[in-house]
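Have a look at the structure below before the remarks.
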Amino acid sequence: MKDGFKLLPDEELHTLIQDQLYILQKKEHFRFGIDAVLLANWAKVKSGDEVIDLGTGSGIIPLLIAYKKRPKRIVGIEIQEEMANLAARSVDLNNFAGEIEIFCQDLRNIREIFLPNTFSLVVSNPPYFSVNRGEQSLNDARAVARHEISCNFTDLAEAAAYLLGTGGRFIIIHKPERIPEIFGQLFRVRLEPKVMCLIQPRIDKSPNLVLLEAVMDGKPGLKVQPNLVIYDESGNYTPKVLQMYNGVGGR
């Protein structure tokens with residue numbers, strides 16, 4: 001952690017990896033959940049990758065990827081100015097200013113920000129619910145994080161396809177009930193679903209999340225991995241999930 005770093009009055013410090021990695025949160029804003037941790041760990045990242053996180057929120061995914069996987073470059077895009085500033089402060093807090101860039105931008109305007117085929121890996125933990133579904137928070141920041149207010153999956157898929165060249169990868173975490181729509185939008189922009197992993201909260205519960213990797217102009221063929229179970233019978237994290245939280249683990 002950066003020496004002399006001072007928290008602002010409305011900020012809280014949370015540990016991502018003990019004595020190694022930290023993130024700033026705000027009490028009244030959307031807080032990261034296990035889905036962001038799962039995505040950052042599941043994503044296969046190469047040392048030469050140039051990575052962009054669309055809708056980075058507080059910056060947890062770039063922080064975890066930078067710390068654990070050390071890509072060539074990583075960028076976070078966030079439409080909400082307050083959240084983008086918070087993410088930038090977390091980057092500074094962890095001394096990653098030379099490795100992570102945070103931009104306060106609307107991903108729907110991605111063509112005005114970056115040239116095409118700029119990145120080799122796009123990741124995103126997007127809003128899960130359309131504006132007419134799910135319980136919508138009265139707090140604007142939380143509503144934008146959970147509901148498709150500022151962008152929908154069509155916008156996200158189009159932005160990813162624009163940023164990736166042939167062979168580039170797009171990795172997301174989302175809700176299983178939206179898989180048909182997700183696949184349809186991916187096919188439309190030439191992103192071929194290649195690897196999928198369903199996530200169960202417990203072994204006796206139905207999956208409530210899905211991890212998916214698609215490849216730009218990839219060949220047809222989907223590999224479905226064994227389901228990932230989050231909690232054991234005692235309500236504790238399973239060994240696989242503990243590995244992720246403890247700084248190792250992944251696909």
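Ordered as shown in the structure tokens, chains take letters A, B, and onward, while each chain numbers its residues from 1 and ligands are numbered from 1 in the order shown.
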Determine, for each residue of region 25-79 of chain A having at least one atom at most 12 Å from an atom of region 165-185 of chain A, the closest pair of atoms and their separation in Å to one decimal, counting only C-alpha atoms; order by chain and ascending number, as a tab-separated table.
```
residue	atom	partner	partner_atom	distance
A:Gly33	CA	A:Ile173	CA	11.8
A:Ile34	CA	A:Ile173	CA	10.7
A:Asp35	CA	A:Ile173	CA	7.0
A:Ala36	CA	A:Ile173	CA	8.0
A:Val37	CA	A:Ile173	CA	10.3
A:Leu38	CA	A:Ile173	CA	8.3
A:Leu39	CA	A:Ile173	CA	6.3
A:Ala40	CA	A:Ile171	CA	9.5
A:Asn41	CA	A:Ile171	CA	11.2
A:Trp42	CA	A:Ile171	CA	9.0
A:Ala43	CA	A:Ile171	CA	6.8
A:Lys44	CA	A:Ile171	CA	9.1
A:Val45	CA	A:Arg169	CA	9.8
A:Lys46	CA	A:Arg169	CA	11.3
A:Asp49	CA	A:Gly168	CA	9.5
A:Glu50	CA	A:Gly168	CA	10.0
A:Val51	CA	A:Arg169	CA	9.6
A:Ile52	CA	A:Phe170	CA	9.7
A:Asp53	CA	A:Ile171	CA	9.6
A:Leu54	CA	A:Ile172	CA	9.9
A:Gly55	CA	A:Ile172	CA	11.3
A:Ile61	CA	A:Ile172	CA	11.3
```
Those same residues - N, CA and C atoms - I'd like them written as a short mmCIF file (atom, residue, chain, number, x, y, z; two decimals), in the first residue's frame.
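Contents of the output file again23.cif:
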```
data_model
loop_
_atom_site.label_atom_id
_atom_site.label_comp_id
_atom_site.auth_asym_id
_atom_site.auth_seq_id
_atom_site.Cartn_x
_atom_site.Cartn_y
_atom_site.Cartn_z
N GLY A 33 -18.89 -7.66 -5.54
CA GLY A 33 -19.29 -8.94 -4.98
C GLY A 33 -18.37 -10.03 -5.46
N ILE A 34 -18.73 -11.26 -5.14
CA ILE A 34 -17.88 -12.39 -5.51
C ILE A 34 -17.82 -12.57 -7.02
N ASP A 35 -18.83 -12.08 -7.75
CA ASP A 35 -18.82 -12.25 -9.20
C ASP A 35 -17.59 -11.59 -9.84
N ALA A 36 -17.21 -10.40 -9.36
CA ALA A 36 -16.02 -9.73 -9.90
C ALA A 36 -14.76 -10.52 -9.59
N VAL A 37 -14.69 -11.10 -8.39
CA VAL A 37 -13.53 -11.91 -8.01
C VAL A 37 -13.45 -13.16 -8.89
N LEU A 38 -14.59 -13.80 -9.13
CA LEU A 38 -14.61 -14.98 -9.97
C LEU A 38 -14.15 -14.67 -11.39
N LEU A 39 -14.66 -13.59 -11.94
CA LEU A 39 -14.29 -13.21 -13.31
C LEU A 39 -12.80 -12.93 -13.42
N ALA A 40 -12.26 -12.16 -12.50
CA ALA A 40 -10.84 -11.80 -12.56
C ALA A 40 -9.95 -13.03 -12.46
N ASN A 41 -10.35 -14.02 -11.67
CA ASN A 41 -9.56 -15.23 -11.52
C ASN A 41 -9.75 -16.20 -12.67
N TRP A 42 -10.97 -16.30 -13.19
CA TRP A 42 -11.27 -17.25 -14.26
C TRP A 42 -10.65 -16.83 -15.59
N ALA A 43 -10.52 -15.53 -15.79
CA ALA A 43 -9.99 -15.02 -17.06
C ALA A 43 -8.55 -15.47 -17.26
N LYS A 44 -8.28 -16.08 -18.41
CA LYS A 44 -6.91 -16.42 -18.77
C LYS A 44 -6.26 -15.19 -19.38
N VAL A 45 -5.20 -14.73 -18.76
CA VAL A 45 -4.53 -13.50 -19.18
C VAL A 45 -3.07 -13.81 -19.48
N LYS A 46 -2.62 -13.39 -20.66
CA LYS A 46 -1.23 -13.61 -21.08
C LYS A 46 -0.40 -12.36 -20.77
N ASP A 49 -0.89 -9.50 -23.15
CA ASP A 49 -2.26 -9.02 -23.38
C ASP A 49 -2.40 -7.54 -23.06
N GLU A 50 -3.21 -6.87 -23.88
CA GLU A 50 -3.68 -5.53 -23.57
C GLU A 50 -5.16 -5.69 -23.23
N VAL A 51 -5.49 -5.38 -21.97
CA VAL A 51 -6.79 -5.73 -21.40
C VAL A 51 -7.61 -4.47 -21.13
N ILE A 52 -8.92 -4.55 -21.37
CA ILE A 52 -9.81 -3.46 -21.01
C ILE A 52 -11.02 -4.03 -20.29
N ASP A 53 -11.40 -3.38 -19.19
CA ASP A 53 -12.57 -3.75 -18.40
C ASP A 53 -13.65 -2.71 -18.67
N LEU A 54 -14.75 -3.15 -19.27
CA LEU A 54 -15.84 -2.23 -19.61
C LEU A 54 -16.84 -2.18 -18.46
N GLY A 55 -17.00 -1.00 -17.88
CA GLY A 55 -17.85 -0.83 -16.71
C GLY A 55 -17.12 -1.27 -15.46
N ILE A 61 -11.66 -5.48 -10.84
CA ILE A 61 -11.16 -6.44 -11.83
C ILE A 61 -9.79 -6.04 -12.35
#
```
Could you name the residues that touch Ile23 (chain A) at 10 Å or less, counting only C-alpha atoms, but leaving out those on the same chain fewer than 6 positions away, as a PDB file with N, CA and C atoms, in the first residue's frame?
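Written file, selection_36.pdb:
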```pdb
ATOM      1  N   GLU A  11     -14.784   7.288   2.545  1.00  0.00           N
ATOM      2  CA  GLU A  11     -14.176   6.086   1.989  1.00  0.00           C
ATOM      3  C   GLU A  11     -13.904   5.024   3.061  1.00  0.00           C
ATOM      4  N   GLU A  12     -13.980   3.775   2.662  1.00  0.00           N
ATOM      5  CA  GLU A  12     -13.611   2.651   3.509  1.00  0.00           C
ATOM      6  C   GLU A  12     -12.550   1.833   2.788  1.00  0.00           C
ATOM      7  N   LEU A  13     -11.618   1.272   3.543  1.00  0.00           N
ATOM      8  CA  LEU A  13     -10.551   0.458   2.976  1.00  0.00           C
ATOM      9  C   LEU A  13     -10.881  -1.016   3.176  1.00  0.00           C
ATOM     10  N   HIS A  14     -10.876  -1.783   2.081  1.00  0.00           N
ATOM     11  CA  HIS A  14     -11.137  -3.220   2.155  1.00  0.00           C
ATOM     12  C   HIS A  14      -9.937  -3.992   1.616  1.00  0.00           C
ATOM     13  N   THR A  15      -9.660  -5.120   2.229  1.00  0.00           N
ATOM     14  CA  THR A  15      -8.536  -5.961   1.813  1.00  0.00           C
ATOM     15  C   THR A  15      -8.985  -6.956   0.754  1.00  0.00           C
ATOM     16  N   LEU A  16      -8.274  -6.998  -0.364  1.00  0.00           N
ATOM     17  CA  LEU A  16      -8.508  -8.009  -1.387  1.00  0.00           C
ATOM     18  C   LEU A  16      -7.592  -9.208  -1.177  1.00  0.00           C
ATOM     19  N   ILE A  17      -6.319  -8.938  -0.907  1.00  0.00           N
ATOM     20  CA  ILE A  17      -5.339  -9.971  -0.567  1.00  0.00           C
ATOM     21  C   ILE A  17      -4.534  -9.447   0.607  1.00  0.00           C
ATOM     22  N   PHE A  32     -18.424  -4.198  -4.680  1.00  0.00           N
ATOM     23  CA  PHE A  32     -18.118  -5.379  -5.475  1.00  0.00           C
ATOM     24  C   PHE A  32     -18.579  -6.638  -4.754  1.00  0.00           C
ATOM     25  N   SER A  58     -15.578   0.182  -9.199  1.00  0.00           N
ATOM     26  CA  SER A  58     -14.520   0.615  -8.280  1.00  0.00           C
ATOM     27  C   SER A  58     -13.148   0.114  -8.678  1.00  0.00           C
ATOM     28  N   GLY A  59     -13.058  -0.600  -9.799  1.00  0.00           N
ATOM     29  CA  GLY A  59     -11.752  -1.010 -10.324  1.00  0.00           C
ATOM     30  C   GLY A  59     -11.238  -2.339  -9.819  1.00  0.00           C
ATOM     31  N   ILE A  60     -12.092  -3.155  -9.218  1.00  0.00           N
ATOM     32  CA  ILE A  60     -11.620  -4.403  -8.635  1.00  0.00           C
ATOM     33  C   ILE A  60     -11.042  -5.362  -9.672  1.00  0.00           C
ATOM     34  N   LEU A  63      -7.544  -4.304 -10.796  1.00  0.00           N
ATOM     35  CA  LEU A  63      -6.602  -4.481  -9.687  1.00  0.00           C
ATOM     36  C   LEU A  63      -6.204  -5.944  -9.530  1.00  0.00           C
ATOM     37  N   LEU A  64      -7.175  -6.836  -9.540  1.00  0.00           N
ATOM     38  CA  LEU A  64      -6.877  -8.258  -9.371  1.00  0.00           C
ATOM     39  C   LEU A  64      -6.084  -8.809 -10.551  1.00  0.00           C
ATOM     40  N   LEU A  86     -12.962   6.934  -7.714  1.00  0.00           N
ATOM     41  CA  LEU A  86     -12.672   5.970  -6.656  1.00  0.00           C
ATOM     42  C   LEU A  86     -11.739   4.875  -7.172  1.00  0.00           C
ATOM     43  N   ALA A  87     -12.016   4.381  -8.374  1.00  0.00           N
ATOM     44  CA  ALA A  87     -11.149   3.360  -8.972  1.00  0.00           C
ATOM     45  C   ALA A  87      -9.736   3.887  -9.173  1.00  0.00           C
ATOM     46  N   ARG A  89      -8.258   6.194  -7.480  1.00  0.00           N
ATOM     47  CA  ARG A  89      -7.613   6.295  -6.171  1.00  0.00           C
ATOM     48  C   ARG A  89      -7.159   4.920  -5.663  1.00  0.00           C
ATOM     49  N   SER A  90      -7.917   3.872  -5.952  1.00  0.00           N
ATOM     50  CA  SER A  90      -7.487   2.525  -5.575  1.00  0.00           C
ATOM     51  C   SER A  90      -6.248   2.105  -6.366  1.00  0.00           C
ATOM     52  N   VAL A  91      -6.188   2.500  -7.618  1.00  0.00           N
ATOM     53  CA  VAL A  91      -4.989   2.236  -8.421  1.00  0.00           C
ATOM     54  C   VAL A  91      -3.777   2.914  -7.797  1.00  0.00           C
ATOM     55  N   LEU A  93      -3.475   3.926  -4.656  1.00  0.00           N
ATOM     56  CA  LEU A  93      -3.261   3.321  -3.347  1.00  0.00           C
ATOM     57  C   LEU A  93      -2.360   2.095  -3.429  1.00  0.00           C
ATOM     58  N   ASN A  94      -2.530   1.295  -4.490  1.00  0.00           N
ATOM     59  CA  ASN A  94      -1.783   0.052  -4.651  1.00  0.00           C
ATOM     60  C   ASN A  94      -0.533   0.193  -5.521  1.00  0.00           C
TER      61      ASN A  94
END
```
**Study point:** Secondary structure check, strand (DSSP E or B) residues of region 29-80 of chain A, as a list in words
**Key:**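 Those in region 29-80 of chain A that DSSP calls strand (DSSP E or B) are Glu50, Val51, Ile52, Asp53, Leu54, Arg73, Ile74, Val75, Gly76, Ile77 and Glu78 of chain A.
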Mind writing the picked residues with C-alpha atoms as an mmCIF file, in the first residue's frame?
```cif
data_model
loop_
_atom_site.group_PDB
_atom_site.id
_atom_site.type_symbol
_atom_site.label_atom_id
_atom_site.label_comp_id
_atom_site.auth_asym_id
_atom_site.auth_seq_id
_atom_site.Cartn_x
_atom_site.Cartn_y
_atom_site.Cartn_z
ATOM 1 C CA GLU A 50 -3.680 -5.528 -23.566
ATOM 2 C CA VAL A 51 -6.790 -5.730 -21.397
ATOM 3 C CA ILE A 52 -9.812 -3.457 -21.010
ATOM 4 C CA ASP A 53 -12.571 -3.746 -18.402
ATOM 5 C CA LEU A 54 -15.838 -2.232 -19.611
ATOM 6 C CA ARG A 73 -1.533 -3.056 -20.200
ATOM 7 C CA ILE A 74 -4.904 -2.788 -18.488
ATOM 8 C CA VAL A 75 -7.571 -0.109 -18.833
ATOM 9 C CA GLY A 76 -10.827 0.416 -16.957
ATOM 10 C CA ILE A 77 -13.790 2.315 -18.426
ATOM 11 C CA GLU A 78 -16.463 3.670 -16.071
#
```
Point to revise | Gln200 (chain A) surroundings by only C-alpha atoms, 12 Å radius, close-in-sequence under 3 positions cut, as JSON, numbers by chain | key: {"A": [35, 175, 176, 197, 203, 204, 205, 206, 207, 208, 209, 210, 211, 226, 227, 228, 229, 230, 231, 232, 237, 238, 241]}
Practice item. Considering only C-alpha atoms, return as a list in words whatever protein or nucleic-acid residues lie within 8 Å of Lys223 (chain A), sequence-local ones (same chain, fewer than 4 positions apart) excluded. Key: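 My list of contacting residues is Lys194, Val195 and Met196 of chain A.
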